[in-house]
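With mmCIF, C-alpha atoms and all ligand atoms inside, this is coords.cif:
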data_work
loop_
_atom_site.label_atom_id
_atom_site.label_comp_id
_atom_site.auth_asym_id
_atom_site.auth_seq_id
_atom_site.Cartn_x
_atom_site.Cartn_y
_atom_site.Cartn_z
CA MET A 1 -31.81 4.25 -13.36
CA PRO A 2 -30.19 6.21 -11.93
CA ALA A 3 -27.15 4.58 -13.56
CA VAL A 4 -23.66 5.39 -14.81
CA ASN A 5 -22.51 4.44 -18.28
CA LYS A 6 -18.77 4.23 -18.95
CA LEU A 7 -17.12 3.87 -22.35
CA GLY A 8 -15.12 0.66 -22.66
CA ARG A 9 -12.26 2.43 -24.38
CA GLU A 10 -10.52 5.80 -24.37
CA GLY A 11 -12.28 7.14 -21.31
CA TYR A 12 -10.14 9.37 -19.10
CA ASP A 13 -10.55 12.46 -16.93
CA GLY A 14 -14.27 11.79 -16.69
CA LYS A 15 -14.65 11.71 -20.49
CA GLY A 16 -16.77 8.74 -21.40
CA VAL A 17 -18.56 8.73 -18.02
CA ARG A 18 -22.27 9.60 -18.28
CA ILE A 19 -24.64 9.82 -15.37
CA LEU A 20 -28.14 8.79 -16.43
CA ARG A 21 -30.81 10.01 -14.05
CA LYS A 22 -33.89 10.03 -16.24
CA GLU A 23 -35.16 8.68 -19.54
CA GLN A 24 -34.24 11.87 -21.39
CA ASP A 25 -30.57 11.21 -20.51
CA LEU A 26 -30.47 7.92 -22.43
CA PRO A 27 -29.31 9.40 -25.77
CA LEU A 28 -26.17 10.67 -23.96
CA ALA A 29 -24.86 7.11 -23.69
CA PHE A 30 -24.64 3.76 -25.50
CA ASP A 31 -23.02 5.04 -28.72
CA ALA A 32 -20.06 2.68 -28.10
CA PRO A 33 -19.49 -0.51 -26.09
CA GLY A 34 -19.30 0.23 -22.40
CA LEU A 35 -20.15 -0.66 -18.85
CA LEU A 36 -23.37 0.13 -17.05
CA GLU A 37 -23.16 0.58 -13.28
CA GLU A 38 -25.46 1.46 -10.44
CA LEU A 39 -25.16 5.11 -9.41
CA ILE A 40 -23.64 5.18 -5.94
CA ASP A 41 -24.98 7.82 -3.59
CA PHE A 42 -21.64 8.34 -1.90
CA LYS A 43 -20.65 10.68 0.91
CA LYS A 44 -17.05 11.08 -0.18
CA GLU A 45 -14.59 10.05 -2.84
CA ILE A 46 -11.18 9.00 -1.64
CA ALA A 47 -8.08 7.44 -3.15
CA VAL A 48 -5.18 5.39 -1.87
CA ILE A 49 -1.96 5.02 -3.83
CA ALA A 50 -0.11 1.76 -3.28
CA VAL A 51 3.39 1.02 -4.54
CA ARG A 52 4.76 -2.53 -4.68
CA ASN A 53 8.28 -3.68 -5.49
CA VAL A 54 9.51 -6.95 -7.05
CA HIS A 55 9.86 -8.57 -3.63
CA GLY A 56 6.21 -7.97 -2.82
CA GLU A 57 6.89 -5.18 -0.33
CA ILE A 58 3.95 -2.71 -0.41
CA THR A 59 3.76 0.87 0.83
CA THR A 60 0.64 3.03 0.72
CA TYR A 61 0.06 6.76 0.98
CA PRO A 62 -2.47 8.17 3.45
CA ALA A 63 -5.94 8.28 1.84
CA VAL A 64 -6.77 11.55 0.09
CA GLU A 65 -10.18 13.10 -0.43
CA MET A 66 -11.31 14.27 -3.86
CA VAL A 67 -13.89 16.96 -4.52
CA PHE A 68 -15.17 16.79 -8.09
CA HIS A 69 -16.20 19.51 -10.49
CA PRO A 70 -19.94 18.89 -10.93
CA GLU A 71 -19.97 19.34 -14.72
CA ALA A 72 -16.57 18.19 -15.91
CA ASN A 73 -16.44 15.05 -13.70
CA LEU A 74 -12.84 16.06 -12.94
CA VAL A 75 -11.10 16.46 -9.59
CA GLU A 76 -11.42 20.09 -8.58
CA TYR A 77 -9.87 19.96 -5.11
CA LEU A 78 -7.98 17.23 -3.38
CA PHE A 79 -7.21 17.20 0.34
CA SER A 80 -4.63 15.10 2.10
CA PRO A 81 -5.22 13.47 4.47
CA ALA A 82 -8.92 12.67 3.87
CA GLU A 83 -11.31 13.58 6.67
CA ILE A 84 -12.47 10.03 7.42
CA SER A 85 -12.60 7.82 10.49
CA ARG A 86 -9.68 5.54 11.38
CA GLU A 87 -11.83 2.53 10.46
CA VAL A 88 -12.62 3.85 6.98
CA ALA A 89 -8.96 4.79 6.45
CA LEU A 90 -7.87 1.30 7.45
CA GLU A 91 -10.44 -0.38 5.21
CA ALA A 92 -9.39 1.77 2.24
CA ASP A 93 -5.74 1.05 2.89
CA LEU A 94 -6.37 -2.70 3.08
CA ALA A 95 -8.40 -2.66 -0.15
CA ALA A 96 -5.58 -0.90 -2.03
CA ARG A 97 -2.98 -3.33 -0.66
CA LYS A 98 -5.11 -6.36 -1.49
CA ILE A 99 -5.74 -5.33 -5.11
CA THR A 100 -2.06 -4.53 -5.65
CA GLU A 101 -1.03 -7.84 -4.19
CA GLU A 102 -3.56 -9.91 -6.13
CA LEU A 103 -2.50 -8.28 -9.39
CA SER A 104 1.18 -9.00 -8.48
CA LEU A 105 1.72 -5.49 -9.70
CA VAL A 106 5.20 -3.97 -9.64
CA GLY A 107 5.01 -0.18 -9.56
CA THR A 108 2.18 2.17 -8.65
CA LEU A 109 -1.54 1.51 -8.35
CA ALA A 110 -3.96 4.35 -7.59
CA VAL A 111 -7.24 3.03 -6.22
CA GLU A 112 -10.24 5.37 -6.29
CA MET A 113 -13.04 4.59 -3.86
CA PHE A 114 -16.44 5.78 -2.71
CA VAL A 115 -17.33 6.08 0.97
CA THR A 116 -21.08 5.53 1.30
CA LYS A 117 -23.33 7.26 3.83
CA ASP A 118 -23.12 4.22 6.10
CA ASP A 119 -19.31 4.22 5.87
CA LYS A 120 -18.89 1.34 3.43
CA VAL A 121 -15.84 1.53 1.17
CA LEU A 122 -16.47 0.63 -2.49
CA VAL A 123 -13.73 0.50 -5.10
CA ASN A 124 -14.56 2.53 -8.21
CA GLU A 125 -11.49 2.21 -10.41
CA ALA A 126 -7.80 1.49 -10.28
CA ALA A 127 -5.08 3.01 -12.43
CA PRO A 128 -1.66 1.31 -12.69
CA ARG A 129 0.53 4.43 -12.76
CA PRO A 130 1.48 7.56 -10.84
CA HIS A 131 -1.81 9.37 -10.54
CA ASN A 132 -3.59 12.71 -10.26
CA SER A 133 -4.51 11.85 -6.68
CA GLY A 134 -0.82 11.71 -5.76
CA HIS A 135 0.41 14.99 -7.25
CA GLN A 136 0.61 16.56 -3.80
CA THR A 137 3.13 13.92 -2.66
CA ILE A 138 5.87 15.89 -4.47
CA GLU A 139 5.84 18.51 -1.73
CA ALA A 140 3.65 17.06 0.99
CA ASN A 141 5.13 13.57 1.62
CA CYS A 142 8.61 12.33 2.53
CA THR A 143 8.86 10.37 -0.74
CA SER A 144 6.84 11.44 -3.79
CA GLN A 145 4.78 8.92 -5.76
CA TYR A 146 7.19 9.40 -8.69
CA GLU A 147 10.28 8.62 -6.63
CA GLN A 148 8.50 5.66 -5.05
CA HIS A 149 7.51 4.32 -8.47
CA LEU A 150 11.12 4.47 -9.66
CA ARG A 151 12.34 2.83 -6.45
CA ALA A 152 9.83 0.02 -6.98
CA ILE A 153 10.58 -0.72 -10.63
CA LEU A 154 14.37 -0.33 -10.17
CA ASP A 155 14.34 -2.78 -7.27
CA LEU A 156 15.48 -0.23 -4.69
CA PRO A 157 14.21 -0.02 -1.09
CA LEU A 158 10.83 1.79 -0.87
CA GLY A 159 10.76 5.18 0.87
CA ASP A 160 8.76 6.70 3.70
CA THR A 161 5.27 7.70 2.49
CA SER A 162 4.27 9.75 5.58
CA SER A 163 2.80 13.16 5.00
CA ILE A 164 4.85 16.13 6.15
CA GLN A 165 1.94 18.57 6.39
CA PRO A 166 -1.75 18.67 5.49
CA SER A 167 -2.03 19.62 1.82
CA ALA A 168 -4.46 20.50 -0.91
CA MET A 169 -4.09 20.03 -4.65
CA ILE A 170 -5.96 21.89 -7.34
CA ASN A 171 -6.05 20.89 -10.98
CA LEU A 172 -5.54 23.95 -13.10
CA LEU A 173 -8.16 23.56 -15.83
CA GLY A 174 -8.73 25.58 -18.96
CA SER A 175 -11.52 28.12 -18.35
CA GLU A 176 -14.90 27.61 -19.99
CA GLY A 177 -15.34 29.58 -23.19
CA HIS A 178 -11.59 29.78 -23.92
CA ALA A 179 -9.78 27.77 -26.60
CA GLY A 180 -6.43 28.73 -28.10
CA LEU A 181 -3.02 29.95 -26.90
CA ALA A 182 -2.91 29.65 -23.12
CA ARG A 183 -2.49 32.67 -20.85
CA TYR A 184 -2.09 32.31 -17.08
CA GLU A 185 -3.71 34.96 -14.92
CA GLY A 186 -3.08 35.47 -11.21
CA LEU A 187 0.29 33.70 -10.98
CA GLU A 188 1.91 36.46 -8.92
CA LYS A 189 -1.02 36.67 -6.51
CA VAL A 190 -0.91 32.97 -5.67
CA LEU A 191 2.88 32.69 -5.63
CA ASN A 192 2.86 35.33 -2.89
CA ILE A 193 1.14 32.90 -0.53
CA HIS A 194 3.27 30.78 1.74
CA GLY A 195 3.11 27.06 0.94
CA VAL A 196 1.83 27.42 -2.64
CA HIS A 197 3.63 25.43 -5.36
CA VAL A 198 2.56 25.91 -8.98
CA HIS A 199 3.23 23.23 -11.60
CA LEU A 200 2.51 24.18 -15.21
CA TYR A 201 2.63 21.44 -17.82
CA GLY A 202 3.81 23.67 -20.65
CA LYS A 203 0.84 22.90 -22.91
CA LYS A 204 0.62 25.62 -25.53
CA LEU A 205 -3.09 25.35 -26.22
CA THR A 206 -5.92 25.53 -23.72
CA ARG A 207 -9.52 24.41 -24.10
CA PRO A 208 -12.40 24.21 -21.62
CA PHE A 209 -11.51 21.87 -18.71
CA ARG A 210 -8.18 20.75 -20.23
CA LYS A 211 -5.66 19.91 -17.48
CA MET A 212 -3.01 22.61 -17.85
CA GLY A 213 -1.20 22.17 -14.54
CA HIS A 214 -1.75 21.74 -10.83
CA VAL A 215 -1.09 23.65 -7.64
CA THR A 216 -0.13 22.12 -4.32
CA ILE A 217 -0.76 24.03 -1.10
CA LEU A 218 0.73 23.11 2.26
CA ASP A 219 -0.43 24.42 5.62
CA PRO A 220 -0.24 22.93 9.12
CA ASP A 221 -3.73 24.33 9.88
CA VAL A 222 -6.56 22.66 7.95
CA ASP A 223 -8.91 25.69 8.01
CA SER A 224 -6.20 27.98 6.72
CA LEU A 225 -5.33 25.34 4.09
CA LYS A 226 -8.92 25.31 2.82
CA LYS A 227 -9.00 29.12 2.66
CA LYS A 228 -5.77 29.19 0.67
CA ALA A 229 -7.07 26.48 -1.69
CA LYS A 230 -10.23 28.52 -2.34
CA PHE A 231 -8.12 31.63 -2.97
CA VAL A 232 -5.94 29.80 -5.50
CA LYS A 233 -9.02 28.36 -7.18
CA ASP A 234 -10.62 31.80 -7.52
CA ASN A 235 -7.50 33.70 -8.55
CA LEU A 236 -5.43 31.51 -10.84
CA THR A 237 -7.03 30.97 -14.24
CA VAL A 238 -6.10 29.77 -17.71
CA THR A 239 -7.62 31.86 -20.47
CA THR A 240 -6.68 32.95 -24.00
N1 LIG B 301 -21.09 4.18 -10.14
C1 LIG B 301 -20.92 5.47 -9.89
N2 LIG B 301 -21.77 6.11 -9.02
C2 LIG B 301 -21.62 7.44 -8.76
N3 LIG B 301 -20.69 8.24 -9.32
C3 LIG B 301 -19.83 7.67 -10.19
C4 LIG B 301 -19.90 6.26 -10.51
N4 LIG B 301 -18.90 6.00 -11.38
C5 LIG B 301 -18.26 7.17 -11.58
N5 LIG B 301 -18.80 8.19 -10.89
C6 LIG B 301 -18.34 9.60 -10.87
O1 LIG B 301 -17.63 9.93 -12.05
C7 LIG B 301 -16.24 10.16 -11.77
C8 LIG B 301 -15.36 9.66 -12.90
O2 LIG B 301 -15.54 8.26 -13.03
P1 LIG B 301 -14.31 7.27 -13.15
O3 LIG B 301 -13.30 7.61 -12.12
O4 LIG B 301 -14.80 5.89 -13.15
O5 LIG B 301 -13.82 7.64 -14.62
P2 LIG B 301 -12.52 8.23 -15.26
O6 LIG B 301 -12.89 8.80 -16.58
O7 LIG B 301 -11.53 7.16 -15.23
O8 LIG B 301 -12.04 9.41 -14.40
P3 LIG B 301 -10.56 9.81 -13.99
O9 LIG B 301 -9.62 9.39 -15.08
O10 LIG B 301 -10.65 11.31 -13.85
O11 LIG B 301 -10.32 9.13 -12.70
C9 LIG B 301 -16.01 9.47 -10.43
O12 LIG B 301 -14.87 9.96 -9.76
C10 LIG B 301 -17.34 9.77 -9.74
O13 LIG B 301 -17.39 11.11 -9.29
MG MG B 302 -11.60 8.12 -11.84
#

As a first step, turn the structure in this file into structure tokens.
Amino acid sequence: MPAVNKLGREGYDGKGVRILRKEQDLPLAFDAPGLLEELIDFKKEIAVIAVRNVHGEITTYPAVEMVFHPEANLVEYLFSPAEISREVALEADLAARKITEELSLVGTLAVEMFVTKDDKVLVNEAAPRPHNSGHQTIEANCTSQYEQHLRAILDLPLGDTSSIQPSAMINLLGSEGHAGLARYEGLEKVLNIHGVHVHLYGKKLTRPFRKMGHVTILDPDVDSLKKKAKFVKDNLTVTT
């Protein structure tokens, strides 16, 4: 210890991931077959989405930076592009391309990585599908991850993945202490802000930390973008 225990099956959205720091944490894990990993003391979490077509052509999206909710183990904020050096960005991009290529994957692969304090890039997990860390590509990139996925599997030319503007993405999670019919508070306030795009998933029932939607925010100025993201986070809530 410290270690991380991950369920072998049915883990998603941080469910099934247990951080074990001390002996008292041990009962939290090992009730089903899983994987035990070293706890990485990372500086940042980033992700690169790669899309490969049948001919082996690969495109990648600029690396994004994820900021996790400390309790729920879920992405709370995502920023695109990630604030990382050119070298780290290049290494992350190469890692995503290499994994996609070696899997001969056709379609989308989202590769989540840790950047350590000494700027090493470690791959944490890879998901073979359009991914949470690419939601912002709908508004913020020339071709969204969804369009790119379809282009890849339908054997069409791949599109331009460049970002149009710096963006932030916020997962809209069910508030703690609320379970039942979902009610959205603060929609008008956030929709009044320039560059804010709200996506609700139409789920009838909310429960604590359930993913109910996401919001993408675009702004050419990174400081203003962060302020808007904080405002959305504080003002748009899902309750009952
Ligand atoms: N070895 C590790 N060291 C440090 N933190 C870790 C480690 N493994 C996982 N974590 C933390 O837990 C989070 C969730 O883990 P992981 O991405 O492996 O699981 P997941 O359930 O598939 O999550 P999701 O579906 O939301 O991506 C990571 O993003 C990271 O913050
Ligand atoms: Mg993950």

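Protein and nucleic acid residues near (-11.4, 8.4, -1.2) are A:Lys44, A:Glu45, A:Ile46, A:Ala47, A:Val48, A:Ala63, A:Val64, A:Glu65, A:Met66, A:Ala82, A:Ala92, A:Glu112, A:Met113, A:Phe114, A:Val115, the criterion being any atom at most 8 Å away using all atoms listed in the file.
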
Box along x, y and z, 6 Å on every side, all listed atoms of segment 68-84 of chain A inside: centre and edge lengths in Å to one decimal, as lines of an AutoDock Vina configuration file.
center_x = -12.3
center_y = 15.1
center_z = -4.2
size_x = 27.3
size_y = 22.1
size_z = 35.3

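Counting only C-alpha atoms, the residue from A:Ala127, A:Ile153, A:Val54, A:Val121 that sits nearest to Ser104 of chain A is A:Val54.
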
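Atom CA of Leu105 of chain A sits 20.7 Å away from atom CA of Thr137 of chain A.
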
- Query: Do you know which residues are at most 8 Å from Val215 of chain A counting all atoms listed in the file, after dropping those on the same chain fewer than 2 positions away, and could you put them as an NGL selection string?
  - Reply: :A and (169-172 or 196-199 or 213 or 217)

- Could you give me, as an MDAnalysis selection string, every polymer residue with an atom at most 9 Å away from an atom of ligand MG 302 (chain B), counting only C-alpha atoms and all ligand atoms? chainID A and resid 12:14 73:75 111:113 124:127

Let me see the file: selected residues, C-alpha atoms, as a PDB file, in the frame of the given file.
ATOM      1  CA  TYR A  12     -10.140   9.370 -19.100  1.00  0.00           C
ATOM      2  CA  ASP A  13     -10.550  12.460 -16.930  1.00  0.00           C
ATOM      3  CA  GLY A  14     -14.270  11.790 -16.690  1.00  0.00           C
ATOM      4  CA  ASN A  73     -16.440  15.050 -13.700  1.00  0.00           C
ATOM      5  CA  LEU A  74     -12.840  16.060 -12.940  1.00  0.00           C
ATOM      6  CA  VAL A  75     -11.100  16.460  -9.590  1.00  0.00           C
ATOM      7  CA  VAL A 111      -7.240   3.030  -6.220  1.00  0.00           C
ATOM      8  CA  GLU A 112     -10.240   5.370  -6.290  1.00  0.00           C
ATOM      9  CA  MET A 113     -13.040   4.590  -3.860  1.00  0.00           C
ATOM     10  CA  ASN A 124     -14.560   2.530  -8.210  1.00  0.00           C
ATOM     11  CA  GLU A 125     -11.490   2.210 -10.410  1.00  0.00           C
ATOM     12  CA  ALA A 126      -7.800   1.490 -10.280  1.00  0.00           C
ATOM     13  CA  ALA A 127      -5.080   3.010 -12.430  1.00  0.00           C
TER      14      ALA A 127
END

- Message: List the spatial neighbours of Glu176 of chain A as a list of chain:residue names - criterion: any atom at most 12 Å away, only C-alpha atoms, same-chain residues fewer than 2 positions off excluded.
- Response: A:Glu71, A:Ala72, A:Leu173, A:Gly174, A:His178, A:Ala179, A:Gly180, A:Thr206, A:Arg207, A:Pro208, A:Phe209, A:Arg210, A:Thr237, A:Val238, A:Thr239, A:Thr240

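You can rank A:Phe42, A:Tyr184, A:Tyr61, A:Phe79 by their closest distance to ligand LIG 301 (chain B) using all atoms listed in the file, and at the top of that list sits A:Phe42.
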
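Proximity to Gly195 of chain A was assessed for A:Asn235, A:Gln145, A:Gln136, A:Ser175 counting only C-alpha atoms; the smallest distance is recorded for A:Gln136.
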
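One distance worth recording is that between atom CA of Val222 of chain A and atom CA of Ile84 of chain A, which is 14.0 Å.
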
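Checking A:Arg86, A:Arg183, A:His131, A:Lys98 one by one against ligand LIG 301 (chain B), counting only C-alpha atoms and all ligand atoms, you find the shortest gap at A:His131.
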
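Shell of Gly159 of chain A at 8 Å, with all atoms listed in the file counted and residues fewer than 3 places along the chain excluded, is A:Cys142, A:Thr143, A:Gln148, A:Arg151.
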
For the selection just defined, write its residues with C-alpha atoms to a file, as a PDB file, in the frame of the given file.
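Result written to out33.pdb:
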ATOM      1  CA  CYS A 142       8.610  12.330   2.530  1.00  0.00           C
ATOM      2  CA  THR A 143       8.860  10.370  -0.740  1.00  0.00           C
ATOM      3  CA  GLN A 148       8.500   5.660  -5.050  1.00  0.00           C
ATOM      4  CA  ARG A 151      12.340   2.830  -6.450  1.00  0.00           C
TER       5      ARG A 151
END
